[in-house]
Amino acid sequence: MTGTQSPLRARLDRSNRIAGEASGQPTLRQRLRAQGYDGTTLLTVPAVGFLLLLFVYPFLYGLLLSFNPKAGGILANYARFFSDPFLYETISKTLWLAVPVTLLNLVLAVPVALRVRAMRYQRVLTTILVIPMTLGTVLIAQGLLNYLGPQGWFNRTLLTLGIIDAPVKLIHNYWGVFLSLLITGFPFAFLLTLSYVTGIDRNLERAAAMLGAGSWQRFQRILMPLILPGLAITFCLSFVQAFAVFPSAVLLGSPAGPTRVISIAAYQAAFEEYDYSMASAVAMVMGAVQLLVVGCILGARGLLYRGSTAGAKG
Amino acid sequence: MIKNTSLAARLWNTVVWAFIGFFVINLLAMIASVLTSSFATRWLGTWLPSAFTTRWYGSAWSEFQLTEVLTVTFQAVFLVVLFSALLGVPAAYALARREFKAKRLVMLLFLLPLLIPPITFGIPLATVLYQTGFAGSLTGVVLANLVPTVPFVVLVMVPFVEQIDPRIEAAARVFGASTPQLFFRVLLPLLVPGILAALLLVLVRTIAMFELTFLVAGPTSQTLVVALYYAVFAAGVRAVQSIDAMAVIYMVTTLVWLIIALRFVNPTQLVGRSNEQAAH
């Protein structure tokens, strides 16, 4: 910036600055610099501007739009949502999918992460587990349609082993969506949990073992309190992903019945009824439910131990 | 490692390993069933198809207009990668090097698009893009996809920039480097590994990004994953093997880049958030 200034201007600037320093009043630029704002800080402007324009603005616009319905008063969209069982039941249906699957993912992720932490070739397993997350829900849906169908390998194996007499119906119902959320959600929960678990100093457990704690006691008294705050975050992130389930609820579930999740309601309002105002209202309700659950979990997390997971010296 | 050789401990170990094995076997079998079906002539009521063929790939290619779809996919992905680097890397540099008052707020702004699921913010975003006329075109697809990728690049790059010693830059200045010289001769070479890793992850995520592309894409701006969704959605119109062939093409496209990416980054980085969360 200084490069474009004329020498006279620069000299004036400098004398101003000296005068400012002498009188104890820093110039604006100095004050800004003292707070960390200078040419380098300006590099954030393009990215921040982009997000303000395409993330914050649409969100606020959607919020306003939801109070500006096609017909009726300000709250007409919300009144319609909470009076039509076809719409308000999507909340309970989505929660009925998202909460159990998230809890199961977490319950499975903790022992697996604790086991894998001790492994030498972690990378092979983490690589395999990254695959379903990378492929995404659409491909998983198509794969599970093949694999879990009445003629698929899964049912065929169970029939051959004599575990079942007739094929189990696992697609186009609740369980299809549940299993797809398990396949994409478990690796996610596992990788996050693993990153917390590897941060815990092994000496804490060694010390507990030396003092005579058994493995269950070590888990209960040492590990669990240390990973619970991390687990709360993992729960929030996994829950929010599961709550927004969309493609697999359409492809693998019964989108008119038990897996008519809230994102289907929002999508139908926007792209089948072309009622963007209603769609924004549904999206806001969806965001509010997510925020509520996350808020409760984070509130409870505040009561937990927060501190170093590294052992103290000696 | 504390060795515990009691029966209960060994039993528990077995249970955990059995679960891992069960999960991985089912995952691989699911992928294998798509692969097998795509090469099957006819597959009904048997363990394996009666005969194998490659003709479904040809028919999927023409039925689903994959030449156009793949062209759009790679154009969109290339533009998303380019612009998320141009917007994200400078911001990451500034956030790593400067402490300023609004920094926490800015970091929150970068964190939110990654924490909020795309379908939640995608619907208002799509509404705005439809009203401004960007939706339904490649521009709209790129703009929508940039919303989560720019913050992703920022959050991956900040810790990377932080571990580069600022005294290196100071030394270059002392020896009289101008800003462009400092950038091209000193900073860029040091940043390249981090940028490469971040952009490969952006690439993989963008190929697989369904929701945002689905909400804003028009008939001529569908990416591969959206085309696959429509094919599965309209199952019954086309032979299932044909859809599976397309699914395999999609899998190969994604996994090739994933394998390249995994040469440079740790798989846990794909979750993309572990660092910030660990730091609370």
# chains A, B, ... in the order shown; residues from 1 in each chain; ligands from 1
>>> residues_around(residues="region 133-142 of chain B", least_positions_apart="6", cutoff="6 Å", atoms="only C-alpha atoms", output="JSON, numbers by chain")
{"B": [76, 80, 213, 216, 217, 218, 221]}
>>> write_last_selection(atoms="N, CA and C atoms", output="short mmCIF file (atom, residue, chain, number, x, y, z; two decimals), in the first residue's frame")
data_model
loop_
_atom_site.label_atom_id
_atom_site.label_comp_id
_atom_site.auth_asym_id
_atom_site.auth_seq_id
_atom_site.Cartn_x
_atom_site.Cartn_y
_atom_site.Cartn_z
N ALA B 76 -16.63 -28.66 -13.43
CA ALA B 76 -17.07 -28.13 -12.14
C ALA B 76 -16.01 -28.36 -11.09
N VAL B 80 -14.00 -25.55 -8.97
CA VAL B 80 -14.15 -25.50 -7.52
C VAL B 80 -12.77 -25.57 -6.86
N THR B 213 -25.04 -29.98 -5.26
CA THR B 213 -25.12 -30.04 -6.72
C THR B 213 -26.53 -30.40 -7.15
N VAL B 216 -28.95 -27.39 -7.02
CA VAL B 216 -28.81 -26.24 -7.94
C VAL B 216 -28.57 -26.64 -9.40
N ALA B 217 -28.34 -27.94 -9.67
CA ALA B 217 -27.99 -28.32 -11.04
C ALA B 217 -29.22 -28.34 -11.94
N GLY B 218 -29.04 -27.91 -13.18
CA GLY B 218 -30.08 -28.05 -14.20
C GLY B 218 -29.77 -29.26 -15.05
N SER B 221 -26.23 -29.31 -16.30
CA SER B 221 -25.12 -29.11 -15.38
C SER B 221 -25.08 -30.19 -14.30
#
>>> interface_residues(of="chain B", to="chain A", cutoff="6 Å", atoms="only C-alpha atoms", output="list in words")
Met30, Val34, Gly45, Leu87, Pro90, Ala91, Ala94, Arg98, Glu99, Phe100, Pro117, Thr120, Pro124, Leu125, Ala208, Pro267 and Thr268 of chain B
>>> closest_residue(among="A:Thr94, A:Phe178, A:Gly162, A:Phe235", to="Gly295 (chain A)", atoms="only C-alpha atoms")
A:Phe235
>>> select_by_dssp(residues="region 17-240 of chain A", states="helix (DSSP H, G or I)", output="JSON, numbers by chain")
{"A": [17, 18, 19, 20, 21, 22, 23, 28, 29, 30, 31, 32, 33, 34, 41, 42, 43, 44, 45, 46, 47, 48, 49, 50, 51, 52, 53, 54, 55, 56, 57, 58, 59, 60, 61, 62, 63, 64, 65, 66, 76, 77, 78, 79, 80, 81, 82, 83, 85, 86, 87, 88, 89, 90, 91, 92, 93, 94, 95, 96, 97, 98, 99, 100, 101, 102, 103, 104, 105, 106, 107, 108, 109, 110, 111, 112, 113, 114, 115, 116, 117, 122, 123, 124, 125, 126, 127, 128, 129, 130, 131, 132, 133, 134, 135, 137, 138, 139, 140, 141, 142, 143, 144, 145, 146, 147, 148, 153, 154, 155, 156, 157, 158, 159, 160, 174, 175, 176, 177, 178, 179, 180, 181, 182, 183, 184, 185, 186, 187, 188, 189, 190, 191, 192, 193, 194, 195, 196, 197, 202, 203, 204, 205, 206, 207, 208, 209, 210, 215, 216, 217, 218, 219, 220, 221, 222, 223, 224, 225, 226, 227, 228, 229, 230, 231, 232, 233, 234, 235, 236, 237, 238, 239, 240]}
>>> residues_around(residues="region 191-207 of chain B", least_positions_apart="4", cutoff="8 Å", atoms="only C-alpha atoms", output="VMD selection string")
(chain A and resid 134) or (chain B and resid 73 77 to 78 80 to 81 85 89 145 149 152 to 153 156 to 157 160 to 161 187 223 to 225 254 257 to 258 260 to 261 264 to 265 270)
>>> write_last_selection(atoms="N, CA and C atoms", output="JSON list (two decimals), in the first residue's frame")
[["chain", "number", "residue", "atom", "x", "y", "z"],
["A", 134, "THR", "N", -16.17, -41.60, 1.42],
["A", 134, "THR", "CA", -15.79, -40.93, 0.19],
["A", 134, "THR", "C", -16.81, -41.20, -0.91],
["B", 73, "THR", "N", -18.71, -32.73, -14.92],
["B", 73, "THR", "CA", -18.15, -33.06, -13.61],
["B", 73, "THR", "C", -16.73, -32.51, -13.49],
["B", 77, "VAL", "N", -15.47, -29.59, -11.04],
["B", 77, "VAL", "CA", -14.49, -29.92, -10.00],
["B", 77, "VAL", "C", -13.24, -29.06, -10.16],
["B", 78, "PHE", "N", -12.80, -28.88, -11.41],
["B", 78, "PHE", "CA", -11.60, -28.08, -11.65],
["B", 78, "PHE", "C", -11.81, -26.65, -11.17],
["B", 80, "VAL", "N", -14.00, -25.55, -8.97],
["B", 80, "VAL", "CA", -14.15, -25.50, -7.52],
["B", 80, "VAL", "C", -12.77, -25.57, -6.86],
["B", 81, "VAL", "N", -11.91, -26.47, -7.35],
["B", 81, "VAL", "CA", -10.58, -26.60, -6.77],
["B", 81, "VAL", "C", -9.80, -25.30, -6.94],
["B", 85, "ALA", "N", -8.85, -22.67, -3.81],
["B", 85, "ALA", "CA", -7.46, -22.35, -3.49],
["B", 85, "ALA", "C", -7.25, -20.84, -3.49],
["B", 89, "VAL", "N", -6.52, -20.11, 0.44],
["B", 89, "VAL", "CA", -5.13, -20.09, 0.88],
["B", 89, "VAL", "C", -4.72, -18.73, 1.44],
["B", 145, "ASN", "N", -20.92, -25.30, -4.59],
["B", 145, "ASN", "CA", -19.92, -26.22, -4.06],
["B", 145, "ASN", "C", -18.80, -25.51, -3.33],
["B", 149, "THR", "N", -16.22, -25.82, 0.45],
["B", 149, "THR", "CA", -14.81, -26.13, 0.16],
["B", 149, "THR", "C", -13.87, -24.99, 0.55],
["B", 152, "PHE", "N", -13.13, -25.38, 4.08],
["B", 152, "PHE", "CA", -12.35, -26.61, 4.26],
["B", 152, "PHE", "C", -10.87, -26.33, 4.00],
["B", 153, "VAL", "N", -10.58, -25.64, 2.88],
["B", 153, "VAL", "CA", -9.19, -25.30, 2.57],
["B", 153, "VAL", "C", -8.60, -24.44, 3.69],
["B", 156, "VAL", "N", -7.85, -26.61, 6.80],
["B", 156, "VAL", "CA", -6.73, -27.54, 6.62],
["B", 156, "VAL", "C", -5.42, -26.77, 6.54],
["B", 157, "MET", "N", -5.46, -25.58, 5.94],
["B", 157, "MET", "CA", -4.21, -24.84, 5.70],
["B", 157, "MET", "C", -3.72, -24.07, 6.92],
["B", 160, "PHE", "N", -1.17, -25.80, 8.83],
["B", 160, "PHE", "CA", 0.00, -26.02, 7.98],
["B", 160, "PHE", "C", 0.85, -24.76, 7.91],
["B", 161, "VAL", "N", 0.21, -23.59, 7.76],
["B", 161, "VAL", "CA", 0.97, -22.34, 7.69],
["B", 161, "VAL", "C", 1.62, -22.07, 9.04],
["B", 187, "LEU", "N", 7.50, -18.37, 0.06],
["B", 187, "LEU", "CA", 6.26, -18.91, 0.64],
["B", 187, "LEU", "C", 5.69, -20.06, -0.18],
["B", 223, "THR", "N", -23.66, -33.31, -12.36],
["B", 223, "THR", "CA", -22.40, -34.02, -12.21],
["B", 223, "THR", "C", -22.71, -35.52, -12.12],
["B", 224, "LEU", "N", -21.63, -36.31, -12.11],
["B", 224, "LEU", "CA", -21.80, -37.76, -12.18],
["B", 224, "LEU", "C", -22.66, -38.30, -11.04],
["B", 225, "VAL", "N", -22.45, -37.78, -9.82],
["B", 225, "VAL", "CA", -23.17, -38.33, -8.68],
["B", 225, "VAL", "C", -24.67, -38.00, -8.77],
["B", 254, "THR", "N", -14.00, -41.70, -8.30],
["B", 254, "THR", "CA", -13.76, -41.20, -6.94],
["B", 254, "THR", "C", -12.53, -41.86, -6.32],
["B", 257, "TRP", "N", -8.90, -40.83, -7.30],
["B", 257, "TRP", "CA", -8.44, -39.59, -6.65],
["B", 257, "TRP", "C", -8.23, -39.81, -5.18],
["B", 258, "LEU", "N", -9.05, -40.67, -4.56],
["B", 258, "LEU", "CA", -8.86, -40.95, -3.14],
["B", 258, "LEU", "C", -7.50, -41.59, -2.90],
["B", 260, "ILE", "N", -4.84, -41.36, -4.80],
["B", 260, "ILE", "CA", -3.79, -40.35, -4.98],
["B", 260, "ILE", "C", -3.72, -39.46, -3.74],
["B", 261, "ALA", "N", -4.90, -39.06, -3.22],
["B", 261, "ALA", "CA", -4.93, -38.17, -2.06],
["B", 261, "ALA", "C", -4.30, -38.85, -0.85],
["B", 264, "PHE", "N", -0.72, -38.53, 0.11],
["B", 264, "PHE", "CA", -0.21, -37.28, 0.69],
["B", 264, "PHE", "C", -0.81, -36.96, 2.04],
["B", 265, "VAL", "N", -1.97, -37.51, 2.36],
["B", 265, "VAL", "CA", -2.62, -37.11, 3.61],
["B", 265, "VAL", "C", -3.01, -38.33, 4.43],
["B", 270, "LEU", "N", -9.70, -36.60, 6.21],
["B", 270, "LEU", "CA", -10.91, -36.51, 5.40],
["B", 270, "LEU", "C", -12.09, -36.09, 6.26]]
>>> atom_distance(atom1="CA of Phe214 (chain B)", atom2="CA of Phe82 (chain A)")
27.4 Å
>>> closest_residue(among="A:Phe239, A:His172, A:Thr90, A:Leu161", to="Leu104 (chain A)", atoms="only C-alpha atoms")
A:Phe239
>>> atom_distance(atom1="CA of Ile243 (chain B)", atom2="CA of Asn26 (chain B)")
20.8 Å
>>> residues_around(residues="Ser62 (chain B)", least_positions_apart="5", cutoff="12 Å", atoms="only C-alpha atoms", output="VMD selection string")
chain B and resid 55 to 57 67 to 69 242 to 243 245 to 246
>>> write_last_selection(atoms="N, CA and C atoms", output="compact mmCIF listing (two decimals), in the first residue's frame")
# COMPACT_ATOMS: atom_id res chain seq x y z
N ARG B 55 -20.79 -55.37 -22.10
CA ARG B 55 -21.59 -54.48 -22.95
C ARG B 55 -22.36 -53.42 -22.17
N TRP B 56 -22.60 -53.66 -20.85
CA TRP B 56 -23.37 -52.68 -20.08
C TRP B 56 -22.64 -51.35 -19.98
N TYR B 57 -21.31 -51.42 -20.02
CA TYR B 57 -20.56 -50.16 -19.93
C TYR B 57 -20.82 -49.30 -21.15
N THR B 67 -20.45 -38.96 -21.54
CA THR B 67 -19.42 -38.05 -22.05
C THR B 67 -19.69 -36.64 -21.56
N GLU B 68 -20.97 -36.21 -21.74
CA GLU B 68 -21.32 -34.86 -21.30
C GLU B 68 -21.24 -34.75 -19.78
N VAL B 69 -21.80 -35.77 -19.09
CA VAL B 69 -21.84 -35.71 -17.62
C VAL B 69 -20.42 -35.63 -17.06
N SER B 242 -27.05 -51.78 -16.09
CA SER B 242 -26.60 -50.53 -16.70
C SER B 242 -26.34 -49.47 -15.62
N ILE B 243 -27.26 -49.41 -14.63
CA ILE B 243 -27.07 -48.48 -13.51
C ILE B 243 -25.82 -48.86 -12.73
N ALA B 245 -23.22 -50.37 -13.90
CA ALA B 245 -22.04 -49.99 -14.68
C ALA B 245 -21.70 -48.53 -14.43
N MET B 246 -22.74 -47.70 -14.40
CA MET B 246 -22.52 -46.28 -14.12
C MET B 246 -21.98 -46.09 -12.70
>>> closest_residue(among="B:Leu66, B:Leu35, B:Ile116, B:Val24", to="Thr220 (chain B)", atoms="only C-alpha atoms")
B:Leu66
